[in-house]
file coords_6.txt (compact mmCIF, C-alpha atoms)
# COMPACT_ATOMS: atom_id res chain seq x y z
CA MET A 37 24.15 -160.32 34.53
CA LYS A 38 27.22 -161.71 36.24
CA ILE A 39 30.75 -160.36 36.39
CA ALA A 40 33.85 -162.25 37.49
CA GLN A 41 37.47 -161.20 37.56
CA GLU A 42 40.66 -163.19 37.57
CA ASP A 43 44.36 -162.23 37.64
CA ILE A 44 46.23 -164.01 34.88
CA ASP A 45 49.89 -164.01 33.82
CA GLY A 46 51.53 -160.79 32.68
CA GLY A 47 49.75 -158.53 35.16
CA ILE A 48 46.55 -158.87 33.16
CA VAL A 49 43.10 -158.87 34.69
CA LYS A 50 40.54 -161.02 32.91
CA VAL A 51 36.92 -160.00 33.33
CA THR A 52 34.17 -162.41 32.37
CA LEU A 53 30.70 -161.06 31.68
CA VAL A 54 27.69 -163.34 31.45
CA GLY A 55 24.23 -162.11 30.49
CA SER A 56 22.72 -159.04 28.86
CA LEU A 57 24.31 -155.58 28.86
CA ASP A 58 20.91 -153.91 28.89
CA VAL A 59 19.74 -151.38 31.47
CA GLU A 60 19.57 -153.95 34.24
CA GLY A 61 22.82 -155.74 33.37
CA SER A 62 24.77 -152.53 32.89
CA GLY A 63 23.55 -151.37 36.29
CA VAL A 64 24.94 -154.54 37.85
CA VAL A 65 28.40 -154.34 36.25
CA ASP A 66 28.90 -150.57 36.20
CA MET A 67 30.44 -150.20 39.65
CA PRO A 68 32.63 -153.35 39.76
CA PHE A 69 33.82 -152.70 36.21
CA SER A 70 34.66 -149.10 37.10
CA VAL A 71 36.73 -150.31 40.04
CA ILE A 72 38.59 -152.82 37.86
CA SER A 73 39.28 -150.32 35.08
CA GLY A 74 40.22 -147.66 37.61
CA THR A 75 42.92 -149.80 39.19
CA ASN A 76 44.32 -151.99 36.40
CA ASP A 77 46.30 -151.15 33.26
CA LYS A 78 45.86 -154.36 31.28
CA VAL A 79 42.27 -155.57 31.12
CA ILE A 80 40.73 -158.21 28.85
CA VAL A 81 37.01 -158.86 28.80
CA ASP A 82 35.46 -162.17 27.78
CA PHE A 83 32.30 -161.31 25.83
CA THR A 84 31.54 -164.91 24.81
CA ASP A 85 28.42 -165.12 26.99
CA VAL A 86 27.16 -161.56 26.53
CA ASP A 87 23.96 -162.15 24.59
CA PHE A 88 22.86 -158.52 24.18
CA LEU A 89 24.61 -155.15 24.03
CA ALA A 90 22.59 -151.91 24.17
CA SER A 91 23.89 -148.33 24.16
CA ILE A 92 23.93 -148.32 27.95
CA GLY A 93 26.50 -151.12 27.74
CA ILE A 94 28.55 -149.02 25.33
CA ARG A 95 28.59 -146.37 28.05
CA VAL A 96 30.16 -148.90 30.44
CA LEU A 97 32.82 -149.80 27.85
CA VAL A 98 33.67 -146.17 27.00
CA LYS A 99 34.05 -145.27 30.68
CA ALA A 100 36.34 -148.25 31.20
CA ALA A 101 38.36 -147.47 28.06
CA LYS A 102 38.87 -143.89 29.22
CA ALA A 103 39.86 -144.97 32.76
CA VAL A 104 42.39 -147.53 31.52
CA GLY A 105 43.58 -145.48 28.54
CA ASN A 106 44.16 -142.29 30.50
CA ARG A 107 46.81 -144.14 32.50
CA GLY A 108 48.42 -145.51 29.36
CA GLY A 109 46.85 -148.94 29.80
CA ARG A 110 44.95 -151.11 27.34
CA LEU A 111 41.53 -152.70 27.25
CA ALA A 112 40.53 -155.55 24.98
CA VAL A 113 37.22 -157.32 24.47
CA TYR A 114 37.16 -160.76 22.91
CA ASN A 115 34.70 -163.00 21.16
CA PRO A 116 31.62 -160.73 21.05
CA ASN A 117 28.70 -162.12 19.04
CA GLU A 118 27.82 -160.64 15.66
CA ALA A 119 25.15 -158.31 17.06
CA ALA A 120 27.45 -156.93 19.77
CA ARG A 121 30.25 -156.51 17.25
CA SER A 122 27.87 -154.56 15.04
CA VAL A 123 26.91 -152.21 17.90
CA MET A 124 30.59 -151.67 18.72
CA ALA A 125 31.30 -150.81 15.07
CA SER A 126 28.27 -148.50 14.74
CA THR A 127 29.23 -146.46 17.77
CA GLY A 128 32.95 -146.56 17.00
CA VAL A 129 33.83 -147.92 20.45
CA ASP A 130 35.96 -150.45 18.60
CA THR A 131 38.36 -147.62 17.76
CA ILE A 132 39.26 -147.06 21.43
CA ILE A 133 39.26 -150.66 22.65
CA PHE A 134 40.73 -153.73 21.03
CA VAL A 135 38.07 -156.13 19.77
CA THR A 136 39.55 -159.55 19.09
CA ASP A 137 38.34 -163.03 18.22
CA ASP A 138 39.85 -164.91 21.13
CA GLU A 139 41.61 -164.70 24.47
CA ALA A 140 45.11 -165.18 23.05
CA ALA A 141 44.67 -162.21 20.71
CA ALA A 142 43.25 -160.09 23.54
CA ILE A 143 46.25 -160.91 25.75
CA ALA A 144 48.60 -160.01 22.91
CA ALA A 145 46.74 -156.72 22.35
CA VAL A 146 47.12 -155.51 25.95
CA SER A 147 50.64 -156.86 26.57
CA MET B 245 -1.02 -160.44 14.41
CA SER B 246 -0.29 -157.35 16.44
CA ARG B 247 0.45 -157.77 20.13
CA ARG B 248 0.54 -155.12 22.80
CA LEU B 249 2.44 -154.76 26.08
CA GLU B 250 1.88 -152.05 28.64
CA LEU B 251 4.82 -150.92 30.71
CA ARG B 252 5.30 -148.64 33.67
CA ALA B 253 7.77 -145.79 33.23
CA GLU B 254 10.38 -147.57 35.36
CA LEU B 255 13.69 -148.96 34.19
CA ALA B 256 12.91 -152.21 36.00
CA ASP B 257 10.21 -152.80 33.39
CA ILE B 258 12.80 -153.12 30.60
CA ALA B 259 13.24 -156.72 31.81
CA ARG B 260 9.50 -157.26 31.27
CA LEU B 261 9.83 -155.83 27.78
CA ASN B 262 12.66 -158.21 26.94
CA ASP B 263 10.85 -161.26 28.34
CA TRP B 264 7.79 -160.34 26.28
CA LEU B 265 9.87 -159.81 23.14
CA LYS B 266 11.55 -163.18 23.56
CA ASP B 267 8.13 -164.86 23.65
CA ARG B 268 6.97 -162.94 20.57
CA PHE B 269 10.15 -163.79 18.63
CA ASP B 270 9.95 -167.47 19.62
CA GLU B 271 6.27 -167.59 18.68
CA ALA B 272 7.03 -166.18 15.23
CA GLY B 273 10.16 -168.29 14.75
CA LEU B 274 12.19 -165.15 14.16
CA PRO B 275 15.93 -165.88 13.83
CA PRO B 276 18.35 -163.98 16.12
CA GLU B 277 19.76 -161.88 13.27
CA ARG B 278 16.26 -160.49 12.61
CA ALA B 279 15.12 -160.31 16.23
CA GLY B 280 18.27 -158.56 17.47
CA PRO B 281 17.74 -155.19 15.75
CA VAL B 282 14.10 -155.10 16.91
CA LYS B 283 15.04 -155.83 20.51
CA LEU B 284 17.87 -153.30 20.46
CA SER B 285 15.77 -150.52 18.92
CA LEU B 286 12.90 -151.06 21.36
CA ASN B 287 15.29 -151.13 24.31
CA GLU B 288 16.76 -147.81 23.19
CA ALA B 289 13.39 -146.20 22.53
CA VAL B 290 11.78 -147.27 25.80
CA THR B 291 14.89 -146.52 27.86
CA ASN B 292 15.00 -143.02 26.38
CA THR B 293 11.35 -142.46 27.23
CA ILE B 294 11.71 -143.66 30.81
CA THR B 295 15.00 -141.83 31.41
CA HIS B 296 14.20 -138.49 29.79
CA GLY B 297 10.48 -138.36 29.22
CA TYR B 298 9.02 -137.85 32.66
CA PRO B 299 9.84 -134.95 34.97
CA GLU B 300 9.28 -136.93 38.15
CA PRO B 301 11.03 -140.27 38.67
CA GLU B 302 7.95 -141.71 40.33
CA SER B 303 5.48 -140.35 37.81
CA ASP B 304 2.69 -142.63 36.63
CA GLY B 305 3.83 -142.78 33.03
CA GLU B 306 2.19 -145.14 30.61
CA ILE B 307 4.16 -146.75 27.83
CA ALA B 308 2.67 -149.22 25.38
CA VAL B 309 4.65 -151.32 22.92
CA GLU B 310 2.97 -152.96 19.95
CA LEU B 311 4.71 -155.47 17.75
CA ASP B 312 3.46 -156.76 14.44
CA ILE B 313 5.59 -159.49 12.91
CA GLY B 314 4.32 -159.68 9.34
CA GLU B 315 5.43 -161.91 6.52
CA ASP B 316 7.74 -159.30 5.03
CA ILE B 317 7.92 -156.46 7.51
CA ILE B 318 8.18 -156.21 11.28
CA THR B 319 6.58 -153.09 12.74
CA ALA B 320 7.21 -151.89 16.29
CA LEU B 321 5.21 -149.03 17.77
CA VAL B 322 5.94 -147.23 21.05
CA VAL B 323 3.20 -144.99 22.43
CA ASP B 324 3.78 -142.99 25.60
CA ASP B 325 2.42 -139.99 27.47
CA ALA B 326 5.87 -138.54 28.17
CA ILE B 327 6.95 -135.04 27.15
CA ALA B 328 7.00 -134.54 23.39
CA PHE B 329 10.14 -136.07 21.96
CA ASN B 330 10.85 -136.70 18.30
CA PRO B 331 13.99 -138.81 17.96
CA LEU B 332 14.13 -137.90 14.27
CA ASP B 333 15.00 -134.35 15.34
CA VAL B 334 18.01 -135.49 17.38
CA PRO B 335 21.33 -134.70 15.66
CA GLU B 336 23.31 -137.78 14.75
CA ALA B 337 25.64 -138.75 17.61
CA ARG B 338 29.25 -138.45 16.61
CA LYS B 339 30.95 -141.77 16.12
CA ILE B 340 33.76 -142.40 18.58
CA GLU B 341 37.16 -141.64 17.07
CA SER B 342 39.52 -141.22 20.00
CA LEU B 343 39.73 -141.62 23.77
CA GLU B 344 40.03 -137.87 24.25
CA THR B 345 36.92 -136.91 22.29
CA ALA B 346 34.74 -139.99 22.89
CA GLN B 347 31.35 -139.14 24.28
CA ILE B 348 30.18 -141.60 26.90
CA GLY B 349 26.52 -141.77 25.91
CA GLY B 350 23.97 -140.58 23.40
CA PHE B 351 24.14 -143.52 21.03
CA GLY B 352 20.58 -144.78 21.51
CA VAL B 353 18.95 -142.84 18.68
CA LYS B 354 21.91 -143.51 16.38
CA LEU B 355 21.48 -147.25 16.92
CA MET B 356 17.70 -147.05 16.36
CA ARG B 357 18.31 -145.28 13.05
CA GLU B 358 20.90 -147.80 11.94
CA MET B 359 19.06 -150.93 13.06
CA SER B 360 15.65 -150.03 11.60
CA SER B 361 14.74 -149.69 7.95
CA GLY B 362 12.36 -146.83 8.70
CA MET B 363 11.23 -144.57 11.56
CA ALA B 364 8.21 -142.30 11.86
CA TYR B 365 7.07 -140.03 14.67
CA GLU B 366 3.76 -138.36 15.48
CA ARG B 367 2.42 -136.48 18.50
CA ILE B 368 -1.28 -137.22 18.81
CA ASP B 369 -3.59 -136.40 21.72
CA GLY B 370 -0.70 -135.68 24.07
CA ARG B 371 1.09 -138.90 23.24
CA ASN B 372 4.30 -139.71 21.39
CA ARG B 373 3.90 -142.39 18.72
CA LEU B 374 7.15 -143.76 17.40
CA SER B 375 7.00 -146.50 14.81
CA MET B 376 9.97 -148.42 13.49
CA THR B 377 10.06 -150.98 10.73
CA PHE B 378 12.45 -153.83 10.09
CA PRO B 379 12.78 -156.35 7.28
CA ARG B 380 11.54 -159.84 8.11
CA GLY B 381 13.36 -161.68 5.37
call {"tool": "encode", "arguments": {"input": "coords_6.txt", "output": "structure tokens"}}
result
Amino acid sequence: MKIAQEDIDGGIVKVTLVGSLDVEGSGVVDMPFSVISGTNDKVIVDFTDVDFLASIGIRVLVKAAKAVGNRGGRLAVYNPNEAARSVMASTGVDTIIFVTDDEAAAIAAVS
Amino acid sequence: MSRRLELRAELADIARLNDWLKDRFDEAGLPPERAGPVKLSLNEAVTNTITHGYPEPESDGEIAVELDIGEDIITALVVDDAIAFNPLDVPEARKIESLETAQIGGFGVKLMREMSSGMAYERIDGRNRLSMTFPRG
């Protein structure tokens, strides 16, 4: 699992995740993602290359959503695959983060 | 044909599980939409066992996963010597509705229930036996 971050226009931080959000992958991204969500109010996450999302990955997303949301900020995830989208819907995490089809919609959601 | 994988009770072995599953799915020509629920459910079941099933982190736990990809039904069986744990007894995790009330974890069993078409649990000879079935077609 790889995580990259980039500052884009509008004070938005774009996080790109590549790999599996399983036990191993979630362990890799947990700390850097906590730092990002603990210090930024507008965060978008590119899920295009996340090929697997388990409940431990949902934990990472909920923690981030709480950290950003408690400061009045917004978190959006874009372009998850069908399986990841299904896990987000089953757990209801898609009610506390924005789940969008593409980057432009994610930017609009957090702006 | 049923295949069997033996795992150590260490989270690092989840990667071995997923490598093994990928080979089994490729071998059977299982499309991602059918393989995904099986992989997710087994990840949740084995992670639960490793995380909660053994009192000592370094204990010599034994976990075996069997997978039978039949023509109509896929059957996954997890057998372990962890403390008795019947996931069917676990109350349904509450779906997240708001930031304030969202629980951070506890969704593993919920996902197993939703992804599988059937679950059965037995405790036999000091071992948990959890079987889950999934439609093939």
call {"tool": "atom_distance", "arguments": {"input": "coords_6.txt", "atom1": "atom CA of Arg357 of chain B", "atom2": "atom CA of Ser91 of chain A"}}
result
12.8 Å
call {"tool": "interface_residues", "arguments": {"input": "coords_6.txt", "of": "chain A", "to": "chain B", "cutoff": "12 Å", "atoms": "all atoms listed in the file", "output": "PyMOL selection string"}}
result
chain A and resi 37+56-63+87-111+117-120+122-133
call {"tool": "atom_distance", "arguments": {"input": "coords_6.txt", "atom1": "atom CA of Thr84 of chain A", "atom2": "atom CA of Asp270 of chain B"}}
result
22.4 Å
call {"tool": "residues_around", "arguments": {"input": "coords_6.txt", "residues": "segment 41-51 of chain A", "least_positions_apart": "2", "cutoff": "7 Å", "atoms": "all atoms listed in the file", "output": "list in words"}}
result
Ile39, Leu53, Lys78, Val79, Ile80, Val81 and Asp82 of chain A
call {"tool": "residues_around", "arguments": {"input": "coords_6.txt", "residues": "Val282 of chain B", "least_positions_apart": "6", "cutoff": "8 Å", "atoms": "all atoms listed in the file", "output": "number ranges by chain"}}
result
B: 320, 359-360, 378
call {"tool": "closest_residue", "arguments": {"input": "coords_6.txt", "among": "B:Glu300, B:Glu254, B:Asp267, B:Glu366", "to": "Val322 of chain B", "atoms": "all atoms listed in the file"}}
result
B:Glu366
call {"tool": "residues_around", "arguments": {"input": "coords_6.txt", "residues": "segment 306-314 of chain B", "least_positions_apart": "4", "cutoff": "8 Å", "atoms": "all atoms listed in the file", "output": "ChimeraX atom specification"}}
result
/B:245-253,272,290,318-326,380
call {"tool": "atom_distance", "arguments": {"input": "coords_6.txt", "atom1": "atom CA of Thr136 of chain A", "atom2": "atom CA of Ala112 of chain A"}}
result
7.2 Å
call {"tool": "closest_residue", "arguments": {"input": "coords_6.txt", "among": "A:Asp66, A:Phe83, A:Asn76, A:Pro116", "to": "Val54 of chain A", "atoms": "all atoms listed in the file"}}
result
A:Phe83
call {"tool": "axis_aligned_box", "arguments": {"input": "coords_6.txt", "around": "segment 58-67 of chain A", "padding_each_side": "8 Å", "output": "lines of an AutoDock Vina configuration file"}}
result
center_x = 25.0
center_y = -153.0
center_z = 34.3
size_x = 26.9
size_y = 21.5
size_z = 26.8
